[in-house]
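As provided, protein_17.pdb (PDB, C-alpha atoms, pLDDT in the B column) reads as follows.
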```
ATOM      1  CA  MET A   1     241.258  69.604 186.393  1.00 41.00           C
ATOM      2  CA  PRO A   2     243.137  72.672 185.099  1.00 43.00           C
ATOM      3  CA  GLN A   3     241.138  75.795 184.412  1.00 57.00           C
ATOM      4  CA  SER A   4     239.638  76.220 180.950  1.00 72.00           C
ATOM      5  CA  ALA A   5     242.139  78.867 179.792  1.00 77.00           C
ATOM      6  CA  ALA A   6     245.066  76.627 180.791  1.00 86.00           C
ATOM      7  CA  ILE A   7     243.586  73.650 178.918  1.00 87.00           C
ATOM      8  CA  ASP A   8     242.932  75.827 175.863  1.00 86.00           C
ATOM      9  CA  THR A   9     246.602  76.861 175.865  1.00 91.00           C
ATOM     10  CA  VAL A  10     247.753  73.247 176.156  1.00 92.00           C
ATOM     11  CA  LYS A  11     245.350  72.158 173.411  1.00 93.00           C
ATOM     12  CA  ALA A  12     246.602  74.915 171.096  1.00 93.00           C
ATOM     13  CA  ALA A  13     250.166  73.674 171.552  1.00 94.00           C
ATOM     14  CA  VAL A  14     249.085  70.055 170.962  1.00 95.00           C
ATOM     15  CA  ARG A  15     247.296  71.147 167.768  1.00 95.00           C
ATOM     16  CA  ARG A  16     250.358  72.946 166.421  1.00 95.00           C
ATOM     17  CA  GLU A  17     252.597  69.937 167.117  1.00 96.00           C
ATOM     18  CA  ALA A  18     250.029  67.497 165.709  1.00 96.00           C
ATOM     19  CA  ILE A  19     249.606  69.449 162.468  1.00 96.00           C
ATOM     20  CA  ALA A  20     253.381  69.609 161.999  1.00 96.00           C
ATOM     21  CA  ARG A  21     253.749  65.865 162.669  1.00 95.00           C
ATOM     22  CA  ARG A  22     250.875  64.957 160.314  1.00 96.00           C
ATOM     23  CA  ASP A  23     252.043  67.302 157.565  1.00 96.00           C
ATOM     24  CA  ALA A  24     255.543  65.776 157.712  1.00 97.00           C
ATOM     25  CA  ILE A  25     254.167  62.414 156.543  1.00 97.00           C
ATOM     26  CA  PRO A  26     255.060  62.059 152.848  1.00 97.00           C
ATOM     27  CA  ALA A  27     252.131  61.960 150.402  1.00 96.00           C
ATOM     28  CA  GLU A  28     252.887  58.388 149.308  1.00 97.00           C
ATOM     29  CA  GLU A  29     252.847  57.207 152.931  1.00 97.00           C
ATOM     30  CA  ARG A  30     249.525  58.983 153.504  1.00 97.00           C
ATOM     31  CA  ALA A  31     248.045  57.244 150.448  1.00 97.00           C
ATOM     32  CA  ALA A  32     249.434  53.864 151.527  1.00 98.00           C
ATOM     33  CA  ALA A  33     247.989  54.328 155.030  1.00 98.00           C
ATOM     34  CA  ALA A  34     244.517  55.017 153.606  1.00 98.00           C
ATOM     35  CA  GLN A  35     244.734  51.861 151.494  1.00 98.00           C
ATOM     36  CA  ALA A  36     245.993  49.777 154.442  1.00 98.00           C
ATOM     37  CA  ILE A  37     243.024  50.815 156.585  1.00 98.00           C
ATOM     38  CA  ALA A  38     240.607  49.976 153.777  1.00 98.00           C
ATOM     39  CA  ALA A  39     242.266  46.591 153.105  1.00 98.00           C
ATOM     40  CA  ARG A  40     241.948  45.383 156.700  1.00 97.00           C
ATOM     41  CA  ALA A  41     238.731  43.765 157.951  1.00 96.00           C
ATOM     42  CA  PHE A  42     236.434  46.428 159.412  1.00 97.00           C
ATOM     43  CA  PRO A  43     236.382  45.980 163.213  1.00 97.00           C
ATOM     44  CA  ILE A  44     232.594  45.871 163.651  1.00 97.00           C
ATOM     45  CA  PRO A  45     229.784  44.295 161.628  1.00 95.00           C
ATOM     46  CA  VAL A  46     228.396  46.459 158.834  1.00 96.00           C
ATOM     47  CA  PRO A  47     225.198  44.772 157.665  1.00 94.00           C
ATOM     48  CA  PRO A  48     223.569  46.082 154.475  1.00 94.00           C
ATOM     49  CA  GLY A  49     221.648  49.294 155.099  1.00 94.00           C
ATOM     50  CA  VAL A  50     223.846  50.545 157.939  1.00 97.00           C
ATOM     51  CA  THR A  51     224.637  54.240 157.525  1.00 98.00           C
ATOM     52  CA  VAL A  52     228.300  55.207 157.765  1.00 98.00           C
ATOM     53  CA  SER A  53     229.183  58.890 157.889  1.00 98.00           C
ATOM     54  CA  GLY A  54     232.668  59.643 156.642  1.00 98.00           C
ATOM     55  CA  PHE A  55     234.480  62.854 155.758  1.00 96.00           C
ATOM     56  CA  ILE A  56     236.339  64.333 152.821  1.00 95.00           C
ATOM     57  CA  PRO A  57     239.932  64.990 153.891  1.00 94.00           C
ATOM     58  CA  LEU A  58     240.885  68.561 154.681  1.00 90.00           C
ATOM     59  CA  ASN A  59     244.509  69.573 154.192  1.00 90.00           C
ATOM     60  CA  ASN A  60     246.572  66.438 154.901  1.00 94.00           C
ATOM     61  CA  GLU A  61     243.959  64.435 156.841  1.00 96.00           C
ATOM     62  CA  ILE A  62     243.783  60.737 156.133  1.00 97.00           C
ATOM     63  CA  ASP A  63     241.594  59.903 153.145  1.00 97.00           C
ATOM     64  CA  VAL A  64     238.741  57.620 154.246  1.00 98.00           C
ATOM     65  CA  ARG A  65     237.269  57.343 150.737  1.00 97.00           C
ATOM     66  CA  PRO A  66     238.936  53.957 150.061  1.00 98.00           C
ATOM     67  CA  LEU A  67     237.339  52.668 153.278  1.00 98.00           C
ATOM     68  CA  LEU A  68     233.980  54.230 152.384  1.00 98.00           C
ATOM     69  CA  ARG A  69     234.139  52.561 148.965  1.00 97.00           C
ATOM     70  CA  LYS A  70     234.744  49.159 150.580  1.00 97.00           C
ATOM     71  CA  LEU A  71     231.875  49.647 153.042  1.00 98.00           C
ATOM     72  CA  ALA A  72     229.532  50.820 150.274  1.00 97.00           C
ATOM     73  CA  GLU A  73     230.374  47.701 148.259  1.00 96.00           C
ATOM     74  CA  LYS A  74     229.225  45.662 151.273  1.00 95.00           C
ATOM     75  CA  GLY A  75     225.884  47.501 151.273  1.00 96.00           C
ATOM     76  CA  ALA A  76     226.487  50.394 153.662  1.00 98.00           C
ATOM     77  CA  LYS A  77     224.741  53.690 152.979  1.00 98.00           C
ATOM     78  CA  LEU A  78     227.103  56.652 153.064  1.00 98.00           C
ATOM     79  CA  ALA A  79     226.772  60.143 154.493  1.00 98.00           C
ATOM     80  CA  LEU A  80     228.952  63.200 155.000  1.00 98.00           C
ATOM     81  CA  PRO A  81     228.814  65.938 157.647  1.00 96.00           C
ATOM     82  CA  VAL A  82     227.466  69.411 157.003  1.00 96.00           C
ATOM     83  CA  VAL A  83     228.247  72.448 159.170  1.00 92.00           C
ATOM     84  CA  VAL A  84     225.008  74.209 160.161  1.00 90.00           C
ATOM     85  CA  ALA A  85     226.226  76.880 162.579  1.00 90.00           C
ATOM     86  CA  ARG A  86     228.993  77.358 165.128  1.00 87.00           C
ATOM     87  CA  GLY A  87     228.129  75.625 168.390  1.00 89.00           C
ATOM     88  CA  GLU A  88     225.541  73.383 166.698  1.00 93.00           C
ATOM     89  CA  PRO A  89     225.865  69.660 165.912  1.00 95.00           C
ATOM     90  CA  LEU A  90     226.812  68.741 162.388  1.00 96.00           C
ATOM     91  CA  ILE A  91     224.058  67.202 160.321  1.00 96.00           C
ATOM     92  CA  MET A  92     224.772  64.210 158.131  1.00 97.00           C
ATOM     93  CA  ARG A  93     223.498  64.157 154.571  1.00 98.00           C
ATOM     94  CA  ASP A  94     223.108  61.157 152.327  1.00 97.00           C
ATOM     95  CA  TRP A  95     225.960  60.823 149.824  1.00 97.00           C
ATOM     96  CA  GLU A  96     227.235  58.376 147.219  1.00 95.00           C
ATOM     97  CA  LEU A  97     230.840  58.107 146.081  1.00 93.00           C
ATOM     98  CA  GLY A  98     231.355  60.393 143.127  1.00 91.00           C
ATOM     99  CA  ALA A  99     228.248  62.486 143.827  1.00 94.00           C
ATOM    100  CA  PRO A 100     228.821  66.248 143.531  1.00 93.00           C
ATOM    101  CA  LEU A 101     229.957  68.176 146.581  1.00 95.00           C
ATOM    102  CA  LYS A 102     230.023  71.843 147.494  1.00 93.00           C
ATOM    103  CA  ALA A 103     232.355  73.860 149.700  1.00 90.00           C
ATOM    104  CA  GLY A 104     230.752  74.353 153.096  1.00 86.00           C
ATOM    105  CA  GLY A 105     231.837  75.914 156.372  1.00 75.00           C
ATOM    106  CA  TRP A 106     235.595  75.914 157.001  1.00 75.00           C
ATOM    107  CA  GLY A 107     236.109  74.891 153.344  1.00 80.00           C
ATOM    108  CA  ILE A 108     234.889  71.366 154.071  1.00 86.00           C
ATOM    109  CA  SER A 109     233.392  69.496 151.105  1.00 92.00           C
ATOM    110  CA  GLU A 110     229.798  68.508 151.825  1.00 94.00           C
ATOM    111  CA  PRO A 111     226.779  67.080 149.983  1.00 96.00           C
ATOM    112  CA  LEU A 112     224.436  69.382 148.122  1.00 94.00           C
ATOM    113  CA  PRO A 113     221.558  70.891 150.142  1.00 94.00           C
ATOM    114  CA  HIS A 114     218.884  68.665 148.567  1.00 95.00           C
ATOM    115  CA  ALA A 115     220.541  65.472 149.927  1.00 96.00           C
ATOM    116  CA  ALA A 116     218.449  63.836 152.651  1.00 97.00           C
ATOM    117  CA  GLU A 117     219.472  64.273 156.278  1.00 97.00           C
ATOM    118  CA  VAL A 118     220.285  60.933 157.962  1.00 97.00           C
ATOM    119  CA  LEU A 119     221.292  59.652 161.387  1.00 97.00           C
ATOM    120  CA  PRO A 120     224.427  57.513 161.045  1.00 98.00           C
ATOM    121  CA  ASP A 121     225.071  54.232 162.837  1.00 98.00           C
ATOM    122  CA  ILE A 122     228.835  54.568 162.429  1.00 98.00           C
ATOM    123  CA  LEU A 123     230.597  57.915 162.512  1.00 98.00           C
ATOM    124  CA  LEU A 124     234.117  58.124 161.064  1.00 98.00           C
ATOM    125  CA  VAL A 125     235.794  61.048 162.786  1.00 98.00           C
ATOM    126  CA  PRO A 126     238.785  63.119 161.648  1.00 96.00           C
ATOM    127  CA  LEU A 127     241.332  64.233 164.216  1.00 96.00           C
ATOM    128  CA  LEU A 128     244.686  65.871 164.727  1.00 97.00           C
ATOM    129  CA  ALA A 129     245.830  63.729 167.659  1.00 97.00           C
ATOM    130  CA  PHE A 130     244.509  60.814 169.719  1.00 98.00           C
ATOM    131  CA  ASP A 131     245.474  58.709 172.684  1.00 98.00           C
ATOM    132  CA  ARG A 132     244.979  55.066 173.648  1.00 96.00           C
ATOM    133  CA  VAL A 133     241.869  55.705 175.737  1.00 97.00           C
ATOM    134  CA  GLY A 134     239.836  57.204 172.910  1.00 97.00           C
ATOM    135  CA  ASN A 135     240.368  60.902 173.436  1.00 97.00           C
ATOM    136  CA  ARG A 136     240.918  63.055 170.361  1.00 97.00           C
ATOM    137  CA  ILE A 137     241.779  66.609 169.561  1.00 96.00           C
ATOM    138  CA  GLY A 138     240.488  68.350 166.451  1.00 94.00           C
ATOM    139  CA  TYR A 139     240.797  71.855 165.103  1.00 90.00           C
ATOM    140  CA  GLY A 140     239.116  73.414 168.139  1.00 85.00           C
ATOM    141  CA  ALA A 141     235.591  74.362 167.089  1.00 87.00           C
ATOM    142  CA  GLY A 142     234.092  71.328 168.866  1.00 90.00           C
ATOM    143  CA  TYR A 143     231.802  70.261 166.018  1.00 93.00           C
ATOM    144  CA  PHE A 144     232.486  66.552 166.322  1.00 96.00           C
ATOM    145  CA  ASP A 145     232.307  66.568 170.139  1.00 96.00           C
ATOM    146  CA  ILE A 146     228.899  68.254 170.010  1.00 96.00           C
ATOM    147  CA  THR A 147     227.765  65.917 167.231  1.00 97.00           C
ATOM    148  CA  ILE A 148     228.890  62.704 168.935  1.00 97.00           C
ATOM    149  CA  THR A 149     227.155  63.757 172.168  1.00 97.00           C
ATOM    150  CA  SER A 150     223.975  64.697 170.281  1.00 97.00           C
ATOM    151  CA  LEU A 151     223.885  61.461 168.268  1.00 97.00           C
ATOM    152  CA  ARG A 152     224.520  59.302 171.345  1.00 97.00           C
ATOM    153  CA  ALA A 153     221.488  60.951 172.994  1.00 97.00           C
ATOM    154  CA  GLN A 154     219.348  59.887 170.010  1.00 96.00           C
ATOM    155  CA  LYS A 155     220.556  56.353 169.234  1.00 96.00           C
ATOM    156  CA  PRO A 156     223.447  53.920 169.676  1.00 96.00           C
ATOM    157  CA  ILE A 157     226.351  54.901 167.440  1.00 97.00           C
ATOM    158  CA  THR A 158     229.958  53.845 167.102  1.00 98.00           C
ATOM    159  CA  ALA A 159     232.358  56.798 166.840  1.00 98.00           C
ATOM    160  CA  ILE A 160     235.587  55.754 165.143  1.00 98.00           C
ATOM    161  CA  GLY A 161     238.559  58.055 164.758  1.00 98.00           C
ATOM    162  CA  VAL A 162     240.625  57.489 161.622  1.00 98.00           C
ATOM    163  CA  ALA A 163     244.211  58.687 161.663  1.00 97.00           C
ATOM    164  CA  PHE A 164     247.820  58.062 160.805  1.00 98.00           C
ATOM    165  CA  ALA A 165     249.705  56.129 163.494  1.00 97.00           C
ATOM    166  CA  PRO A 166     252.138  59.058 164.117  1.00 96.00           C
ATOM    167  CA  GLN A 167     249.155  61.157 165.251  1.00 97.00           C
ATOM    168  CA  GLU A 168     249.067  59.203 168.518  1.00 97.00           C
ATOM    169  CA  ILE A 169     250.209  61.079 171.630  1.00 97.00           C
ATOM    170  CA  ALA A 170     250.574  59.914 175.221  1.00 96.00           C
ATOM    171  CA  GLN A 171     247.605  61.860 176.586  1.00 96.00           C
ATOM    172  CA  VAL A 172     245.110  64.218 174.999  1.00 96.00           C
ATOM    173  CA  PRO A 173     244.120  67.111 177.281  1.00 93.00           C
ATOM    174  CA  ILE A 174     240.353  66.943 177.762  1.00 91.00           C
ATOM    175  CA  THR A 175     237.423  68.803 179.260  1.00 90.00           C
ATOM    176  CA  ARG A 176     233.916  67.637 180.128  1.00 89.00           C
ATOM    177  CA  ARG A 177     232.601  68.756 176.739  1.00 90.00           C
ATOM    178  CA  ASP A 178     234.998  66.459 174.835  1.00 94.00           C
ATOM    179  CA  ALA A 179     233.311  63.279 173.539  1.00 96.00           C
ATOM    180  CA  PRO A 180     235.481  60.138 173.583  1.00 97.00           C
ATOM    181  CA  LEU A 181     235.753  57.784 170.636  1.00 98.00           C
ATOM    182  CA  ASP A 182     234.875  54.088 170.694  1.00 98.00           C
ATOM    183  CA  MET A 183     237.794  53.126 168.455  1.00 98.00           C
ATOM    184  CA  VAL A 184     240.675  54.518 166.462  1.00 98.00           C
ATOM    185  CA  LEU A 185     241.795  53.041 163.140  1.00 98.00           C
ATOM    186  CA  THR A 186     245.343  53.602 161.933  1.00 98.00           C
ATOM    187  CA  GLU A 187     247.363  51.930 159.214  1.00 98.00           C
ATOM    188  CA  ARG A 188     249.041  49.838 161.932  1.00 97.00           C
ATOM    189  CA  GLU A 189     246.170  48.744 164.174  1.00 97.00           C
ATOM    190  CA  VAL A 190     242.655  48.973 165.523  1.00 98.00           C
ATOM    191  CA  ILE A 191     242.500  50.536 168.994  1.00 98.00           C
ATOM    192  CA  ASP A 192     239.211  49.486 170.595  1.00 97.00           C
ATOM    193  CA  VAL A 193     238.462  51.383 173.798  1.00 95.00           C
ATOM    194  CA  ARG A 194     234.881  50.247 174.301  1.00 94.00           C
ATOM    195  CA  PRO A 195     234.111  48.665 177.671  1.00 87.00           C
ATOM    196  CA  ALA A 196     234.696  44.911 177.630  1.00 77.00           C
TER     197      ALA A 196
END
```

Turn this file's structure into structure tokens for me.
Amino acid sequence: MPQSAAIDTVKAAVRREAIARRDAIPAEERAAAAQAIAARAFPIPVPPGVTVSGFIPLNNEIDVRPLLRKLAEKGAKLALPVVVARGEPLIMRDWELGAPLKAGGWGISEPLPHAAEVLPDILLVPLLAFDRVGNRIGYGAGYFDITITSLRAQKPITAIGVAFAPQEIAQVPITRRDAPLDMVLTEREVIDVRPA
């Protein structure tokens, strides 16, 4: 495995390329992709009462709100991540569609501080790039890797990346601290990498 500094350099280049590729997707195609993901059958059962943590899109990330709306209509409880401190897992706070949000760390929209903290069953994860074996690359702070690892130590969860199909790359450079996804949803397909 390459040394950490070498991997960091490779990851920085992958991030730059991934942002450029994502940002080149026209707005109408981004909106259509979000609707396509929401229209398709969700790949795992979501019985009433299951908690699904989503995210509010940052910059040109895919918008998972149409999917969250569909899951909420089926009885799922919703949550959104909150940044506590650098190097710490995100916490998930209870949230309903349309409920007020505030600007949190990194400019990410998050629930108000009085919203209850919850442990999700399904974690929808943003990303810049992904590969076919469930590796992802984000913005580099490691929040979702730390969070996925922490949640998996507490309970069974399903971590699902949500992305535009052009965000796929051949191989994401990884380190031991990177937490793999169980699935990736794009407008074209469901990529399930869980063991058979």

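Each of A:Asp121, A:Glu96, A:Pro111, A:Val193 was checked against Asn135 (chain A) using only C-alpha atoms; the smallest atom-to-atom distance is that of A:Val193.
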
Query - Selected residue of minimal separation from Ile160 (chain A) among A:Tyr143, A:Trp95, A:Phe130, A:Trp106, counting only C-alpha atoms - result: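 The shortest atom-to-atom distance to Ile160 (chain A) comes from A:Phe130.
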
Requested in this report: Could you list the residues chosen by the PyMOL selection byres ((chain A and resi 79) around 8) in this structure as a ChimeraX atom specification?
Outcome: /A:51-54,77-78,80-81,92-96,118,120

Report task. Name the residues captured by the PyMOL selection byres ((chain A and resi 13) around 12) when it is applied to the shown file; answer as a list in words. Result ->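 Those residues are Ala6, Ile7, Asp8, Thr9, Val10, Lys11, Ala12, Val14, Arg15, Arg16, Glu17, Ala18, Ile19, Ala20, Leu128, Ala129, Ile137, Tyr139, Gly140, Val172 and Pro173 of chain A.
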
Produce a file of the selected residues containing C-alpha atoms, as a CSV table (one decimal), in the frame of the given file.
```csv
chain,number,residue,atom,x,y,z
A,6,ALA,CA,245.1,76.6,180.8
A,7,ILE,CA,243.6,73.6,178.9
A,8,ASP,CA,242.9,75.8,175.9
A,9,THR,CA,246.6,76.9,175.9
A,10,VAL,CA,247.8,73.2,176.2
A,11,LYS,CA,245.4,72.2,173.4
A,12,ALA,CA,246.6,74.9,171.1
A,14,VAL,CA,249.1,70.1,171.0
A,15,ARG,CA,247.3,71.1,167.8
A,16,ARG,CA,250.4,72.9,166.4
A,17,GLU,CA,252.6,69.9,167.1
A,18,ALA,CA,250.0,67.5,165.7
A,19,ILE,CA,249.6,69.4,162.5
A,20,ALA,CA,253.4,69.6,162.0
A,128,LEU,CA,244.7,65.9,164.7
A,129,ALA,CA,245.8,63.7,167.7
A,137,ILE,CA,241.8,66.6,169.6
A,139,TYR,CA,240.8,71.9,165.1
A,140,GLY,CA,239.1,73.4,168.1
A,172,VAL,CA,245.1,64.2,175.0
A,173,PRO,CA,244.1,67.1,177.3
```

Report task. Would you mind listing what lies within 9 Å of Ile62 (chain A) as a PyMOL selection string, with all atoms listed in the file counted and same-chain residues fewer than 3 positions away left out? Result -> chain A and resi 30-31+33-34+56-58+126+162-164

Store the residues of this selection in a file with C-alpha atoms, as a short mmCIF file (atom, residue, chain, number, x, y, z; two decimals), in the coordinates of the input.
```cif
data_model
loop_
_atom_site.label_atom_id
_atom_site.label_comp_id
_atom_site.auth_asym_id
_atom_site.auth_seq_id
_atom_site.Cartn_x
_atom_site.Cartn_y
_atom_site.Cartn_z
CA ARG A 30 249.52 58.98 153.50
CA ALA A 31 248.04 57.24 150.45
CA ALA A 33 247.99 54.33 155.03
CA ALA A 34 244.52 55.02 153.61
CA ILE A 56 236.34 64.33 152.82
CA PRO A 57 239.93 64.99 153.89
CA LEU A 58 240.88 68.56 154.68
CA PRO A 126 238.78 63.12 161.65
CA VAL A 162 240.62 57.49 161.62
CA ALA A 163 244.21 58.69 161.66
CA PHE A 164 247.82 58.06 160.80
#
```

Report task. Have a look at A:Gln35, A:Ser109, A:Gln171, A:Thr186 and name the one nearest to Val82 (chain A); count all atoms listed in the file. Result -> A:Ser109

Could you add the missing atoms to region 23-50 of chain A, up to N, CA and C atoms, and return them as a PDB file, keeping the file's coordinate frame?
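Just written: rebuild.pdb:
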```pdb
ATOM      1  N   ASP A  23     251.643  66.738 158.848  1.00 96.00           N
ATOM      2  CA  ASP A  23     252.043  67.302 157.565  1.00 96.00           C
ATOM      3  C   ASP A  23     253.425  66.833 157.125  1.00 96.00           C
ATOM      4  N   ALA A  24     254.219  66.301 158.052  1.00 97.00           N
ATOM      5  CA  ALA A  24     255.543  65.776 157.712  1.00 97.00           C
ATOM      6  C   ALA A  24     255.472  64.389 157.079  1.00 97.00           C
ATOM      7  N   ILE A  25     254.310  63.744 157.146  1.00 97.00           N
ATOM      8  CA  ILE A  25     254.167  62.414 156.543  1.00 97.00           C
ATOM      9  C   ILE A  25     254.140  62.584 155.030  1.00 97.00           C
ATOM     10  N   PRO A  26     255.040  61.914 154.306  1.00 97.00           N
ATOM     11  CA  PRO A  26     255.060  62.059 152.848  1.00 97.00           C
ATOM     12  C   PRO A  26     253.740  61.613 152.207  1.00 97.00           C
ATOM     13  N   ALA A  27     253.409  62.238 151.083  1.00 96.00           N
ATOM     14  CA  ALA A  27     252.131  61.960 150.402  1.00 96.00           C
ATOM     15  C   ALA A  27     251.960  60.484 150.083  1.00 96.00           C
ATOM     16  N   GLU A  28     253.024  59.811 149.655  1.00 97.00           N
ATOM     17  CA  GLU A  28     252.887  58.388 149.308  1.00 97.00           C
ATOM     18  C   GLU A  28     252.598  57.542 150.542  1.00 97.00           C
ATOM     19  N   GLU A  29     253.141  57.934 151.697  1.00 97.00           N
ATOM     20  CA  GLU A  29     252.847  57.207 152.931  1.00 97.00           C
ATOM     21  C   GLU A  29     251.409  57.467 153.374  1.00 97.00           C
ATOM     22  N   ARG A  30     250.930  58.689 153.170  1.00 97.00           N
ATOM     23  CA  ARG A  30     249.525  58.983 153.504  1.00 97.00           C
ATOM     24  C   ARG A  30     248.588  58.132 152.649  1.00 97.00           C
ATOM     25  N   ALA A  31     248.885  58.046 151.353  1.00 97.00           N
ATOM     26  CA  ALA A  31     248.045  57.244 150.448  1.00 97.00           C
ATOM     27  C   ALA A  31     248.102  55.766 150.823  1.00 97.00           C
ATOM     28  N   ALA A  32     249.293  55.276 151.141  1.00 98.00           N
ATOM     29  CA  ALA A  32     249.434  53.864 151.527  1.00 98.00           C
ATOM     30  C   ALA A  32     248.685  53.569 152.825  1.00 98.00           C
ATOM     31  N   ALA A  33     248.703  54.517 153.762  1.00 98.00           N
ATOM     32  CA  ALA A  33     247.989  54.328 155.030  1.00 98.00           C
ATOM     33  C   ALA A  33     246.488  54.214 154.790  1.00 98.00           C
ATOM     34  N   ALA A  34     245.947  55.069 153.917  1.00 98.00           N
ATOM     35  CA  ALA A  34     244.517  55.017 153.606  1.00 98.00           C
ATOM     36  C   ALA A  34     244.149  53.669 153.003  1.00 98.00           C
ATOM     37  N   GLN A  35     244.992  53.160 152.119  1.00 98.00           N
ATOM     38  CA  GLN A  35     244.734  51.861 151.494  1.00 98.00           C
ATOM     39  C   GLN A  35     244.848  50.726 152.519  1.00 98.00           C
ATOM     40  N   ALA A  36     245.810  50.819 153.421  1.00 98.00           N
ATOM     41  CA  ALA A  36     245.993  49.777 154.442  1.00 98.00           C
ATOM     42  C   ALA A  36     244.763  49.679 155.349  1.00 98.00           C
ATOM     43  N   ILE A  37     244.221  50.820 155.730  1.00 98.00           N
ATOM     44  CA  ILE A  37     243.024  50.815 156.585  1.00 98.00           C
ATOM     45  C   ILE A  37     241.852  50.191 155.845  1.00 98.00           C
ATOM     46  N   ALA A  38     241.707  50.522 154.567  1.00 98.00           N
ATOM     47  CA  ALA A  38     240.607  49.976 153.777  1.00 98.00           C
ATOM     48  C   ALA A  38     240.776  48.475 153.539  1.00 98.00           C
ATOM     49  N   ALA A  39     242.012  48.003 153.415  1.00 98.00           N
ATOM     50  CA  ALA A  39     242.266  46.591 153.105  1.00 98.00           C
ATOM     51  C   ALA A  39     241.999  45.669 154.294  1.00 98.00           C
ATOM     52  N   ARG A  40     242.132  46.199 155.497  1.00 97.00           N
ATOM     53  CA  ARG A  40     241.948  45.383 156.700  1.00 97.00           C
ATOM     54  C   ARG A  40     240.459  45.147 156.948  1.00 97.00           C
ATOM     55  N   ALA A  41     240.128  44.038 157.587  1.00 96.00           N
ATOM     56  CA  ALA A  41     238.731  43.765 157.951  1.00 96.00           C
ATOM     57  C   ALA A  41     238.222  44.886 158.854  1.00 96.00           C
ATOM     58  N   PHE A  42     237.002  45.373 158.569  1.00 97.00           N
ATOM     59  CA  PHE A  42     236.434  46.428 159.412  1.00 97.00           C
ATOM     60  C   PHE A  42     236.144  45.837 160.783  1.00 97.00           C
ATOM     61  N   PRO A  43     236.416  46.573 161.874  1.00 97.00           N
ATOM     62  CA  PRO A  43     236.382  45.980 163.213  1.00 97.00           C
ATOM     63  C   PRO A  43     234.994  45.687 163.792  1.00 97.00           C
ATOM     64  N   ILE A  44     233.940  46.176 163.166  1.00 97.00           N
ATOM     65  CA  ILE A  44     232.594  45.871 163.651  1.00 97.00           C
ATOM     66  C   ILE A  44     231.728  45.452 162.470  1.00 97.00           C
ATOM     67  N   PRO A  45     230.652  44.703 162.730  1.00 95.00           N
ATOM     68  CA  PRO A  45     229.784  44.295 161.628  1.00 95.00           C
ATOM     69  C   PRO A  45     229.153  45.509 160.938  1.00 95.00           C
ATOM     70  N   VAL A  46     229.037  45.402 159.628  1.00 96.00           N
ATOM     71  CA  VAL A  46     228.396  46.459 158.834  1.00 96.00           C
ATOM     72  C   VAL A  46     227.370  45.775 157.925  1.00 96.00           C
ATOM     73  N   PRO A  47     226.209  45.421 158.499  1.00 94.00           N
ATOM     74  CA  PRO A  47     225.198  44.772 157.665  1.00 94.00           C
ATOM     75  C   PRO A  47     224.656  45.737 156.616  1.00 94.00           C
ATOM     76  N   PRO A  48     224.131  45.208 155.504  1.00 94.00           N
ATOM     77  CA  PRO A  48     223.569  46.082 154.475  1.00 94.00           C
ATOM     78  C   PRO A  48     222.538  47.037 155.070  1.00 94.00           C
ATOM     79  N   GLY A  49     222.594  48.287 154.616  1.00 94.00           N
ATOM     80  CA  GLY A  49     221.648  49.294 155.099  1.00 94.00           C
ATOM     81  C   GLY A  49     222.153  50.137 156.238  1.00 94.00           C
ATOM     82  N   VAL A  50     223.255  49.738 156.874  1.00 97.00           N
ATOM     83  CA  VAL A  50     223.846  50.545 157.939  1.00 97.00           C
ATOM     84  C   VAL A  50     224.360  51.847 157.322  1.00 97.00           C
TER      85      VAL A  50
END
```
